[in-house]
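Enquirer: What follows is protein.pdb; its format and atoms are PDB, C-alpha atoms, pLDDT in the B column.
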```
ATOM      1  CA  MET A 186      -8.636  13.131  18.763  1.00 44.00           C
ATOM      2  CA  LYS A 187     -11.704  14.823  20.198  1.00 45.00           C
ATOM      3  CA  SER A 188     -12.404  14.190  23.882  1.00 50.00           C
ATOM      4  CA  SER A 189     -16.136  13.930  23.019  1.00 72.00           C
ATOM      5  CA  MET A 190     -15.474  10.968  20.740  1.00 78.00           C
ATOM      6  CA  PRO A 191     -17.502   7.925  21.874  1.00 85.00           C
ATOM      7  CA  LEU A 192     -15.517   5.100  23.441  1.00 87.00           C
ATOM      8  CA  PRO A 193     -16.010   2.618  20.548  1.00 87.00           C
ATOM      9  CA  ALA A 194     -14.781   5.267  18.106  1.00 90.00           C
ATOM     10  CA  ARG A 195     -11.772   6.116  20.291  1.00 91.00           C
ATOM     11  CA  LEU A 196     -10.833   2.452  20.646  1.00 94.00           C
ATOM     12  CA  THR A 197     -11.167   1.890  16.900  1.00 94.00           C
ATOM     13  CA  VAL A 198      -8.971   4.901  16.096  1.00 93.00           C
ATOM     14  CA  LEU A 199      -6.376   3.814  18.685  1.00 95.00           C
ATOM     15  CA  ALA A 200      -6.318   0.247  17.360  1.00 96.00           C
ATOM     16  CA  ALA A 201      -6.031   1.392  13.729  1.00 96.00           C
ATOM     17  CA  LYS A 202      -3.117   3.711  14.475  1.00 95.00           C
ATOM     18  CA  THR A 203      -1.328   1.281  16.801  1.00 97.00           C
ATOM     19  CA  ILE A 204      -1.733  -1.924  14.794  1.00 96.00           C
ATOM     20  CA  GLY A 205      -1.401  -0.236  11.428  1.00 94.00           C
ATOM     21  CA  GLY A 206       1.628   1.818  12.438  1.00 95.00           C
ATOM     22  CA  ALA A 207       3.426  -1.076  14.141  1.00 96.00           C
ATOM     23  CA  SER A 208       2.871  -3.421  11.197  1.00 96.00           C
ATOM     24  CA  LEU A 209       4.134  -0.847   8.686  1.00 94.00           C
ATOM     25  CA  LEU A 210       7.247  -0.185  10.745  1.00 95.00           C
ATOM     26  CA  ALA A 211       7.895  -3.910  11.058  1.00 96.00           C
ATOM     27  CA  PHE A 212       7.384  -4.307   7.314  1.00 96.00           C
ATOM     28  CA  VAL A 213       9.987  -1.641   6.524  1.00 94.00           C
ATOM     29  CA  VAL A 214      12.490  -3.362   8.836  1.00 94.00           C
ATOM     30  CA  PHE A 215      11.675  -6.709   7.213  1.00 95.00           C
ATOM     31  CA  VAL A 216      12.200  -5.360   3.695  1.00 95.00           C
ATOM     32  CA  LEU A 217      15.406  -3.458   4.469  1.00 93.00           C
ATOM     33  CA  ASN A 218      17.158  -5.943   6.762  1.00 91.00           C
ATOM     34  CA  GLY A 219      15.498  -9.253   5.983  1.00 90.00           C
ATOM     35  CA  PRO A 220      13.269 -11.457   8.156  1.00 90.00           C
ATOM     36  CA  VAL A 221      13.964 -12.142  11.814  1.00 86.00           C
ATOM     37  CA  PRO A 222      13.465 -15.871  12.556  1.00 87.00           C
ATOM     38  CA  LEU A 223      10.867 -15.961  15.329  1.00 87.00           C
ATOM     39  CA  ILE A 224       8.956 -19.202  14.812  1.00 90.00           C
ATOM     40  CA  GLN A 225      10.449 -22.345  13.271  1.00 90.00           C
ATOM     41  CA  LEU A 226       7.622 -24.021  11.351  1.00 92.00           C
ATOM     42  CA  ALA A 227       9.363 -25.500   8.311  1.00 88.00           C
ATOM     43  CA  SER A 228      11.851 -28.374   8.258  1.00 88.00           C
ATOM     44  CA  SER A 229      13.130 -27.908   4.706  1.00 93.00           C
ATOM     45  CA  THR A 230      13.579 -25.244   2.039  1.00 94.00           C
ATOM     46  CA  ALA A 231      10.607 -26.583   0.091  1.00 96.00           C
ATOM     47  CA  SER A 232       8.270 -26.512   3.108  1.00 96.00           C
ATOM     48  CA  ALA A 233       9.513 -23.028   4.036  1.00 96.00           C
ATOM     49  CA  LEU A 234       8.769 -21.706   0.559  1.00 97.00           C
ATOM     50  CA  LEU A 235       5.349 -23.363   0.591  1.00 97.00           C
ATOM     51  CA  LEU A 236       4.438 -21.777   3.910  1.00 97.00           C
ATOM     52  CA  ASP A 237       5.802 -18.382   2.832  1.00 97.00           C
ATOM     53  CA  GLY A 238       3.772 -18.560  -0.354  1.00 97.00           C
ATOM     54  CA  LEU A 239       0.604 -19.338   1.617  1.00 97.00           C
ATOM     55  CA  LEU A 240       1.318 -16.406   3.948  1.00 97.00           C
ATOM     56  CA  CYS A 241       1.607 -14.080   0.942  1.00 97.00           C
ATOM     57  CA  ILE A 242      -1.615 -15.377  -0.581  1.00 96.00           C
ATOM     58  CA  GLY A 243      -3.463 -14.962   2.714  1.00 96.00           C
ATOM     59  CA  PHE A 244      -2.363 -11.349   3.028  1.00 96.00           C
ATOM     60  CA  PHE A 245      -3.151 -10.577  -0.611  1.00 95.00           C
ATOM     61  CA  VAL A 246      -6.673 -12.011  -0.336  1.00 93.00           C
ATOM     62  CA  GLN A 247      -7.402 -10.044   2.841  1.00 92.00           C
ATOM     63  CA  HIS A 248      -5.870  -6.777   1.649  1.00 88.00           C
ATOM     64  CA  SER A 249      -7.259  -6.723  -1.877  1.00 85.00           C
ATOM     65  CA  GLY A 250     -10.583  -8.324  -0.979  1.00 85.00           C
ATOM     66  CA  MET A 251     -11.507  -5.905   1.792  1.00 85.00           C
ATOM     67  CA  VAL A 252     -10.608  -2.821  -0.255  1.00 80.00           C
ATOM     68  CA  ARG A 253     -13.020  -3.696  -3.063  1.00 76.00           C
ATOM     69  CA  ARG A 254     -16.139  -1.581  -3.172  1.00 75.00           C
ATOM     70  CA  SER A 255     -18.383  -4.647  -3.371  1.00 77.00           C
ATOM     71  CA  PHE A 256     -17.008  -6.001  -0.076  1.00 81.00           C
ATOM     72  CA  GLN A 257     -17.339  -2.643   1.645  1.00 80.00           C
ATOM     73  CA  ASP A 258     -20.943  -2.347   0.480  1.00 80.00           C
ATOM     74  CA  ARG A 259     -21.692  -5.690   2.112  1.00 84.00           C
ATOM     75  CA  ILE A 260     -19.950  -4.920   5.401  1.00 85.00           C
ATOM     76  CA  ALA A 261     -21.714  -1.532   5.552  1.00 81.00           C
ATOM     77  CA  ARG A 262     -24.910  -3.433   6.395  1.00 85.00           C
ATOM     78  CA  PHE A 263     -23.437  -4.277   9.796  1.00 87.00           C
ATOM     79  CA  VAL A 264     -20.814  -1.573  10.460  1.00 86.00           C
ATOM     80  CA  PRO A 265     -21.260   2.222  10.255  1.00 86.00           C
ATOM     81  CA  GLN A 266     -19.650   3.477   7.069  1.00 88.00           C
ATOM     82  CA  PRO A 267     -17.109   5.802   8.804  1.00 88.00           C
ATOM     83  CA  PHE A 268     -15.646   2.809  10.678  1.00 92.00           C
ATOM     84  CA  ILE A 269     -14.915   0.703   7.594  1.00 91.00           C
ATOM     85  CA  PRO A 270     -11.572   2.272   6.569  1.00 91.00           C
ATOM     86  CA  ALA A 271     -10.198   1.948  10.114  1.00 93.00           C
ATOM     87  CA  ILE A 272     -11.403  -1.653  10.410  1.00 93.00           C
ATOM     88  CA  TYR A 273      -9.699  -2.345   7.097  1.00 93.00           C
ATOM     89  CA  ALA A 274      -6.451  -0.867   8.458  1.00 95.00           C
ATOM     90  CA  ILE A 275      -6.715  -3.022  11.599  1.00 96.00           C
ATOM     91  CA  ALA A 276      -7.361  -6.206   9.614  1.00 95.00           C
ATOM     92  CA  SER A 277      -4.526  -5.436   7.196  1.00 95.00           C
ATOM     93  CA  GLY A 278      -2.135  -4.715  10.059  1.00 96.00           C
ATOM     94  CA  LEU A 279      -2.978  -8.004  11.745  1.00 97.00           C
ATOM     95  CA  ALA A 280      -2.649  -9.965   8.496  1.00 96.00           C
ATOM     96  CA  LEU A 281       0.695  -8.319   7.763  1.00 97.00           C
ATOM     97  CA  GLY A 282       1.849  -9.006  11.313  1.00 96.00           C
ATOM     98  CA  VAL A 283       1.066 -12.713  10.929  1.00 96.00           C
ATOM     99  CA  LEU A 284       3.063 -12.808   7.688  1.00 97.00           C
ATOM    100  CA  LEU A 285       6.089 -11.107   9.265  1.00 96.00           C
ATOM    101  CA  VAL A 286       6.096 -13.226  12.425  1.00 96.00           C
ATOM    102  CA  ALA A 287       5.519 -16.564  10.687  1.00 96.00           C
ATOM    103  CA  TRP A 288       7.834 -15.944   7.708  1.00 97.00           C
ATOM    104  CA  GLN A 289      10.318 -18.787   7.234  1.00 96.00           C
ATOM    105  CA  PRO A 290      13.804 -17.732   6.014  1.00 95.00           C
ATOM    106  CA  THR A 291      15.523 -20.369   3.893  1.00 93.00           C
ATOM    107  CA  GLY A 292      19.146 -19.209   4.066  1.00 85.00           C
ATOM    108  CA  LEU A 293      19.613 -20.393   0.479  1.00 91.00           C
ATOM    109  CA  VAL A 294      21.388 -17.487  -1.250  1.00 92.00           C
ATOM    110  CA  ILE A 295      20.622 -17.228  -4.969  1.00 94.00           C
ATOM    111  CA  ALA A 296      22.441 -13.968  -5.679  1.00 91.00           C
ATOM    112  CA  SER A 297      24.344 -11.372  -3.675  1.00 90.00           C
ATOM    113  CA  ALA A 298      25.376  -7.930  -4.848  1.00 89.00           C
ATOM    114  CA  GLY A 299      28.868  -6.794  -3.921  1.00 87.00           C
ATOM    115  CA  GLY A 300      31.020  -3.725  -4.313  1.00 88.00           C
ATOM    116  CA  PRO A 301      29.551  -0.685  -6.086  1.00 90.00           C
ATOM    117  CA  PHE A 302      26.588  -2.726  -7.329  1.00 91.00           C
ATOM    118  CA  ARG A 303      25.625  -3.455  -3.715  1.00 92.00           C
ATOM    119  CA  TRP A 304      25.453   0.263  -2.969  1.00 92.00           C
ATOM    120  CA  ALA A 305      23.526   0.843  -6.190  1.00 92.00           C
ATOM    121  CA  VAL A 306      20.901  -1.679  -5.094  1.00 92.00           C
ATOM    122  CA  ARG A 307      20.789  -0.190  -1.605  1.00 92.00           C
ATOM    123  CA  SER A 308      20.293   3.281  -3.089  1.00 94.00           C
ATOM    124  CA  LEU A 309      16.910   2.119  -4.390  1.00 94.00           C
ATOM    125  CA  ALA A 310      15.673   2.393  -0.783  1.00 94.00           C
ATOM    126  CA  VAL A 311      16.695   6.057  -0.671  1.00 95.00           C
ATOM    127  CA  VAL A 312      14.913   6.713  -3.960  1.00 96.00           C
ATOM    128  CA  ALA A 313      11.869   4.883  -2.607  1.00 96.00           C
ATOM    129  CA  VAL A 314      11.738   7.115   0.473  1.00 95.00           C
ATOM    130  CA  VAL A 315      12.041  10.255  -1.658  1.00 95.00           C
ATOM    131  CA  VAL A 316       9.271   9.126  -4.010  1.00 95.00           C
ATOM    132  CA  PHE A 317       7.038   8.088  -1.114  1.00 94.00           C
ATOM    133  CA  VAL A 318       7.463  11.368   0.777  1.00 94.00           C
ATOM    134  CA  ALA A 319       6.827  13.362  -2.405  1.00 94.00           C
ATOM    135  CA  GLY A 320       3.708  11.315  -3.081  1.00 92.00           C
ATOM    136  CA  VAL A 321       2.344  11.822   0.442  1.00 91.00           C
ATOM    137  CA  ARG A 322       3.043  15.568   0.282  1.00 90.00           C
ATOM    138  CA  ALA A 323       1.238  15.752  -3.060  1.00 89.00           C
ATOM    139  CA  LEU A 324      -1.830  13.995  -1.658  1.00 84.00           C
ATOM    140  CA  ARG A 325      -2.200  16.421   1.290  1.00 76.00           C
ATOM    141  CA  HIS A 326      -5.041  14.241   2.598  1.00 78.00           C
ATOM    142  CA  PHE A 327      -3.107  11.049   3.281  1.00 83.00           C
ATOM    143  CA  ASP A 328      -4.980   8.880   5.786  1.00 86.00           C
ATOM    144  CA  PRO A 329      -3.145   5.525   5.914  1.00 88.00           C
ATOM    145  CA  PHE A 330      -5.101   4.214   8.905  1.00 90.00           C
ATOM    146  CA  GLY A 331      -8.578   5.304   7.827  1.00 88.00           C
ATOM    147  CA  VAL A 332      -9.355   7.346  10.957  1.00 90.00           C
ATOM    148  CA  ARG A 333     -10.474  10.657   9.458  1.00 88.00           C
ATOM    149  CA  PRO A 334     -14.052   9.509   8.709  1.00 89.00           C
ATOM    150  CA  ILE A 335     -14.477   8.506  12.375  1.00 89.00           C
ATOM    151  CA  GLU A 336     -13.047  11.807  13.595  1.00 86.00           C
ATOM    152  CA  ALA A 337     -15.326  13.731  11.234  1.00 83.00           C
ATOM    153  CA  MET A 338     -18.378  11.739  12.366  1.00 83.00           C
ATOM    154  CA  SER A 339     -17.550  12.276  16.052  1.00 79.00           C
ATOM    155  CA  SER A 340     -17.239  16.031  15.580  1.00 76.00           C
ATOM    156  CA  GLY A 341     -20.464  16.262  13.576  1.00 71.00           C
ATOM    157  CA  ARG A 342     -18.702  17.121  10.307  1.00 74.00           C
ATOM    158  CA  GLN A 343     -19.220  15.570   6.934  1.00 68.00           C
ATOM    159  CA  PRO A 344     -16.147  13.673   5.679  1.00 64.00           C
ATOM    160  CA  ARG A 345     -14.180  15.916   3.367  1.00 64.00           C
ATOM    161  CA  GLN A 346     -14.331  14.943  -0.282  1.00 66.00           C
ATOM    162  CA  VAL A 347     -10.724  14.490  -1.356  1.00 66.00           C
ATOM    163  CA  PRO A 348      -9.816  15.497  -4.913  1.00 67.00           C
ATOM    164  CA  LEU A 349      -8.132  13.316  -7.448  1.00 75.00           C
ATOM    165  CA  THR A 350      -4.503  14.341  -7.074  1.00 70.00           C
ATOM    166  CA  ILE A 351      -2.609  15.283 -10.230  1.00 85.00           C
ATOM    167  CA  ARG A 352       0.388  17.141  -8.861  1.00 87.00           C
ATOM    168  CA  GLY A 353       3.919  16.363  -7.762  1.00 89.00           C
ATOM    169  CA  PRO A 354       4.996  12.834  -8.744  1.00 93.00           C
ATOM    170  CA  TYR A 355       1.413  12.080  -9.843  1.00 92.00           C
ATOM    171  CA  ARG A 356       2.179  14.086 -12.973  1.00 91.00           C
ATOM    172  CA  TRP A 357       4.728  11.433 -14.027  1.00 93.00           C
ATOM    173  CA  VAL A 358       3.224   8.224 -12.649  1.00 94.00           C
ATOM    174  CA  ARG A 359      -0.333   7.417 -11.548  1.00 94.00           C
ATOM    175  CA  HIS A 360       0.653   5.492  -8.404  1.00 94.00           C
ATOM    176  CA  PRO A 361       3.939   6.830  -7.011  1.00 95.00           C
ATOM    177  CA  LEU A 362       3.351   5.248  -3.584  1.00 95.00           C
ATOM    178  CA  TYR A 363       3.215   1.820  -5.210  1.00 96.00           C
ATOM    179  CA  THR A 364       6.275   2.690  -7.283  1.00 97.00           C
ATOM    180  CA  ALA A 365       8.091   3.496  -4.040  1.00 97.00           C
ATOM    181  CA  MET A 366       6.949   0.161  -2.603  1.00 96.00           C
ATOM    182  CA  LEU A 367       8.391  -1.731  -5.575  1.00 97.00           C
ATOM    183  CA  LEU A 368      11.708   0.092  -5.273  1.00 96.00           C
ATOM    184  CA  LEU A 369      11.859  -0.685  -1.558  1.00 96.00           C
ATOM    185  CA  ILE A 370      11.070  -4.365  -2.101  1.00 96.00           C
ATOM    186  CA  TRP A 371      13.921  -4.797  -4.565  1.00 96.00           C
ATOM    187  CA  SER A 372      16.464  -2.748  -2.573  1.00 95.00           C
ATOM    188  CA  HIS A 373      17.936  -5.635  -0.571  1.00 93.00           C
ATOM    189  CA  PRO A 374      21.349  -6.726  -1.948  1.00 93.00           C
ATOM    190  CA  GLU A 375      21.019 -10.399  -0.957  1.00 93.00           C
ATOM    191  CA  LEU A 376      18.496 -12.532  -2.777  1.00 94.00           C
ATOM    192  CA  THR A 377      17.690 -15.709  -0.872  1.00 95.00           C
ATOM    193  CA  ALA A 378      15.114 -18.217  -2.086  1.00 96.00           C
ATOM    194  CA  ASP A 379      12.446 -16.914   0.260  1.00 97.00           C
ATOM    195  CA  ARG A 380      13.319 -13.289  -0.588  1.00 96.00           C
ATOM    196  CA  LEU A 381      12.962 -14.011  -4.302  1.00 97.00           C
ATOM    197  CA  LEU A 382       9.561 -15.554  -3.618  1.00 97.00           C
ATOM    198  CA  PHE A 383       8.579 -12.507  -1.584  1.00 98.00           C
ATOM    199  CA  ASN A 384       9.792 -10.001  -4.196  1.00 97.00           C
ATOM    200  CA  VAL A 385       8.144 -11.715  -7.157  1.00 97.00           C
ATOM    201  CA  ALA A 386       4.865 -12.398  -5.343  1.00 97.00           C
ATOM    202  CA  TRP A 387       4.553  -8.855  -4.031  1.00 97.00           C
ATOM    203  CA  THR A 388       5.492  -7.318  -7.374  1.00 97.00           C
ATOM    204  CA  ILE A 389       2.784  -9.330  -9.149  1.00 97.00           C
ATOM    205  CA  TRP A 390       0.274  -8.477  -6.441  1.00 95.00           C
ATOM    206  CA  ILE A 391       1.027  -4.763  -6.578  1.00 95.00           C
ATOM    207  CA  VAL A 392       0.627  -4.696 -10.365  1.00 95.00           C
ATOM    208  CA  VAL A 393      -2.593  -6.743 -10.365  1.00 92.00           C
ATOM    209  CA  GLY A 394      -3.986  -4.839  -7.369  1.00 89.00           C
ATOM    210  CA  THR A 395      -3.254  -1.515  -9.051  1.00 92.00           C
ATOM    211  CA  ILE A 396      -5.109  -2.599 -12.183  1.00 92.00           C
ATOM    212  CA  LEU A 397      -8.132  -3.637 -10.112  1.00 86.00           C
ATOM    213  CA  GLU A 398      -7.985  -0.406  -8.100  1.00 87.00           C
ATOM    214  CA  GLU A 399      -7.992   1.628 -11.272  1.00 91.00           C
ATOM    215  CA  ARG A 400     -11.308   0.104 -12.259  1.00 88.00           C
ATOM    216  CA  ASP A 401     -12.836   1.644  -9.129  1.00 83.00           C
ATOM    217  CA  LEU A 402     -11.083   4.963  -9.774  1.00 87.00           C
ATOM    218  CA  ALA A 403     -12.409   5.069 -13.325  1.00 88.00           C
ATOM    219  CA  LEU A 404     -15.922   4.537 -11.989  1.00 85.00           C
ATOM    220  CA  VAL A 405     -15.500   7.365  -9.477  1.00 82.00           C
ATOM    221  CA  PHE A 406     -13.833   9.925 -11.747  1.00 85.00           C
ATOM    222  CA  GLY A 407     -15.118   8.844 -15.154  1.00 86.00           C
ATOM    223  CA  ALA A 408     -13.724  10.469 -18.282  1.00 87.00           C
ATOM    224  CA  GLU A 409     -11.256  12.643 -16.348  1.00 86.00           C
ATOM    225  CA  TYR A 410      -9.464   9.629 -14.909  1.00 90.00           C
ATOM    226  CA  ARG A 411      -9.496   7.759 -18.226  1.00 90.00           C
ATOM    227  CA  ARG A 412      -7.824  10.793 -19.812  1.00 90.00           C
ATOM    228  CA  TYR A 413      -5.275  10.717 -17.007  1.00 91.00           C
ATOM    229  CA  GLN A 414      -4.652   7.023 -17.715  1.00 91.00           C
ATOM    230  CA  ARG A 415      -3.965   7.721 -21.383  1.00 90.00           C
ATOM    231  CA  HIS A 416      -1.329  10.357 -20.645  1.00 90.00           C
ATOM    232  CA  VAL A 417       0.447   9.103 -17.485  1.00 92.00           C
ATOM    233  CA  PRO A 418       2.101   5.665 -16.959  1.00 94.00           C
ATOM    234  CA  MET A 419       0.772   3.477 -14.167  1.00 94.00           C
ATOM    235  CA  LEU A 420       3.933   2.596 -12.203  1.00 94.00           C
ATOM    236  CA  ILE A 421       7.064   3.323 -14.254  1.00 92.00           C
ATOM    237  CA  PRO A 422       7.654   6.992 -15.205  1.00 89.00           C
ATOM    238  CA  VAL A 423       8.746   6.379 -18.806  1.00 87.00           C
ATOM    239  CA  ARG A 424       7.589   9.755 -20.125  1.00 80.00           C
ATOM    240  CA  LEU A 425       9.688  12.878 -19.600  1.00 74.00           C
ATOM    241  CA  GLU A 426       6.819  15.288 -20.197  1.00 76.00           C
ATOM    242  CA  PRO A 427       4.685  15.752 -17.041  1.00 78.00           C
ATOM    243  CA  PHE A 428       0.909  15.650 -17.184  1.00 78.00           C
ATOM    244  CA  ARG A 429      -0.601  19.144 -17.223  1.00 72.00           C
ATOM    245  CA  GLY A 430      -4.229  18.309 -16.465  1.00 64.00           C
ATOM    246  CA  GLY A 431      -6.288  19.644 -13.573  1.00 53.00           C
ATOM    247  CA  GLN A 432      -8.156  17.947 -10.759  1.00 48.00           C
ATOM    248  CA  ALA A 433     -11.499  16.214 -10.412  1.00 39.00           C
ATOM    249  CA  ALA A 434     -13.524  15.908  -7.204  1.00 33.00           C
ATOM    250  CA  GLY A 435     -13.549  12.557  -5.456  1.00 35.00           C
ATOM    251  CA  PRO A 436     -11.551  10.298  -3.096  1.00 39.00           C
ATOM    252  CA  ASP A 437      -7.983   9.352  -3.811  1.00 43.00           C
ATOM    253  CA  ARG A 438      -7.492   5.682  -3.032  1.00 47.00           C
ATOM    254  CA  GLU A 439      -3.852   6.014  -2.057  1.00 52.00           C
TER
END
```
Let's see the structure in the file written out as structure tokens.
Expert:
Amino acid sequence: MKSSMPLPARLTVLAAKTIGGASLLAFVVFVLNGPVPLIQLASSTASALLLDGLLCIGFFVQHSGMVRRSFQDRIARFVPQPFIPAIYAIASGLALGVLLVAWQPTGLVIASAGGPFRWAVRSLAVVAVVVFVAGVRALRHFDPFGVRPIEAMSSGRQPRQVPLTIRGPYRWVRHPLYTAMLLLIWSHPELTADRLLFNVAWTIWIVVGTILEERDLALVFGAEYRRYQRHVPMLIPVRLEPFRGGQAAGPDRE
């Protein structure tokens, strides 16, 4: 971070990295080990599931609503454009933090994997990490907390235009980071009632959110991205032949 960065910019970058990073770390722990009961708000399984469902909906509305181009165009009237990605990361981190802290475990076990099958389910987490790391390495411009536009503005540079990435795992699946997320979500060997709710809700949200995101990507990249869509699956790499297309200029949303 540049020492000449104005104080509001420095505070925004610090908050985005701190809140965003802490919430992501807590989310990984939550997904791998299950929720940690911190606040008792529900008195029954039904009320716990209702509250957990509302927590999921609240996060989905915030996360998917703020990332839409129409929302960002509106907020740009009041906030400098370079700050918007970092503010989005802060808001998402806070919303995710609320979900993790207020989550109500039910203790009602629906299914539990044992023996070799348990290790097979657990291995999905290892595959998820491999896919995620490969996806990040392929992007080369990964900015999960949205701080690069602020750093570029503070140093007097124009934000770098990031190309549409079609290399590494992106040659087999259009959204490998989301694929890794799905694998991680389903990698826990015990399926309680609240965990089933979480897994199903987040899977539906990821699929629907990816479809909506692709509308924006098609607008940005045009015919090149639509060609990419025709040849590469969205989330499940069902084709053995990798995509051999090139790159098109523009931002990569992941």
Enquirer: Could you check the closest approach to Ala365 of chain A for each of A:Ile396, A:Val316, A:Ile335, A:Met251 and tell me which residue wins, using only C-alpha atoms?
Expert: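 Under the stated criterion, the closest residue is A:Val316.
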Enquirer: May I ask which of the residues A:Glu375, A:Asp258, A:Asp328, A:Glu409 is the closest one to Val306 of chain A, counting all atoms listed in the file?
Expert: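 For Val306 of chain A, the nearest of the candidates is A:Glu375.
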Enquirer: Within 8 Å of segment 193-209 of chain A, counting only C-alpha atoms, which residues show up once you throw out same-chain ones fewer than 6 positions away? Write them as a PyMOL selection string, please.
Expert: chain A and resi 186+268+271-272+274-275+277-279+281-282+330-332+335+339
Enquirer: Any idea what the distance is between atom CA of Phe215 of chain A and atom CA of Ile370 of chain A?
Expert: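 These atoms are spaced 9.6 Å apart.
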Enquirer: Need the neighbours of (-4.7, 3.4, -12.1): which residues are at most 7 Å away, counting all atoms listed in the file, as a PyMOL selection string?
Expert: chain A and resi 359-360+395-396+398-399+402+414+419
Enquirer: What does the structure give for the distance between atom CA of Glu426 of chain A and atom CA of Trp357 of chain A, in Å to one decimal?
Expert: 7.6 Å
Enquirer: Do you know which residues are at most 10 Å from Phe245 of chain A counting only C-alpha atoms, after dropping those on the same chain fewer than 5 positions away, and could you put them as a PyMOL selection string?
Expert: chain A and resi 239-240+250-251+277+280-281+386-387+390-391+394
Enquirer: Identify which of the residues A:Pro267, A:Cys241, A:Arg253, A:Pro418 lies closest to Glu336 of chain A, counting only C-alpha atoms when measuring atom-to-atom distances.
Expert: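 Looking at the shortest contact to Glu336 of chain A, the residue is A:Pro267.
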Enquirer: For the atom pair atom CA of Pro220 of chain A and atom CA of Pro329 of chain A, what is the interatomic distance in Å to one decimal place?
Expert: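 Atom CA of Pro220 of chain A sits 23.7 Å away from atom CA of Pro329 of chain A.
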Enquirer: Given only C-alpha atoms as the basis, pick out the residue of A:Ala323, A:Leu367, A:Pro290, A:Gly300 nearest to Val385 of chain A.
Expert: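 Ranking A:Ala323, A:Leu367, A:Pro290, A:Gly300 by distance to Val385 of chain A, first place goes to A:Leu367.
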Enquirer: Check which residues of segment 366-438 of chain A sit at most 8 Å from segment 294-299 of chain A using all atoms listed in the file, and return one row each with the closest pair of atoms and their distance in Å to one decimal, ordered by chain and rising number, as CSV.
Expert:
```
residue,atom,partner,partner_atom,distance
A:Pro374,CA,A:Ala298,CA,5.1
A:Glu375,CA,A:Ser297,CA,4.4
A:Leu376,CA,A:Ala296,CA,5.1
A:Thr377,CA,A:Val294,CA,4.1
A:Ala378,CA,A:Ile295,CA,6.3
```
Enquirer: Pick out the closest residue to Ile351 of chain A from this set: A:Leu284, A:Ile242, A:Val213, A:Leu324. Count only C-alpha atoms.
Expert: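 Of the candidates, the smallest distance to Ile351 of chain A is held by A:Leu324.
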Enquirer: Please determine, counting only C-alpha atoms, which residue among A:Leu420, A:Ala319, A:Leu285, A:Ala408 has the shortest atom-to-atom distance to Gly219 of chain A.
Expert: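 Looking at the shortest contact to Gly219 of chain A, the residue is A:Leu285.
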Enquirer: Pick out the residues sitting within 9 Å of His248 of chain A, and hand them over as an MDAnalysis selection string; count only C-alpha atoms, and ignore anything fewer than 4 positions along from it in its own chain.
Expert: chainID A and resid 243:244 252 273 276:277 280
Enquirer: Once the PyMOL selection byres ((chain A and resi 313) around 9) is applied to the coordinates I shared, what remains selected? I want it as a short mmCIF file (atom, residue, chain, number, x, y, z; two decimals) with C-alpha atoms, in the coordinates of the input.
Expert:
```
data_model
loop_
_atom_site.label_atom_id
_atom_site.label_comp_id
_atom_site.auth_asym_id
_atom_site.auth_seq_id
_atom_site.Cartn_x
_atom_site.Cartn_y
_atom_site.Cartn_z
CA SER A 308 20.29 3.28 -3.09
CA LEU A 309 16.91 2.12 -4.39
CA ALA A 310 15.67 2.39 -0.78
CA VAL A 311 16.70 6.06 -0.67
CA VAL A 312 14.91 6.71 -3.96
CA VAL A 314 11.74 7.12 0.47
CA VAL A 315 12.04 10.26 -1.66
CA VAL A 316 9.27 9.13 -4.01
CA PHE A 317 7.04 8.09 -1.11
CA VAL A 318 7.46 11.37 0.78
CA LEU A 362 3.35 5.25 -3.58
CA THR A 364 6.28 2.69 -7.28
CA ALA A 365 8.09 3.50 -4.04
CA MET A 366 6.95 0.16 -2.60
CA LEU A 367 8.39 -1.73 -5.58
CA LEU A 368 11.71 0.09 -5.27
CA LEU A 369 11.86 -0.68 -1.56
CA SER A 372 16.46 -2.75 -2.57
#
```
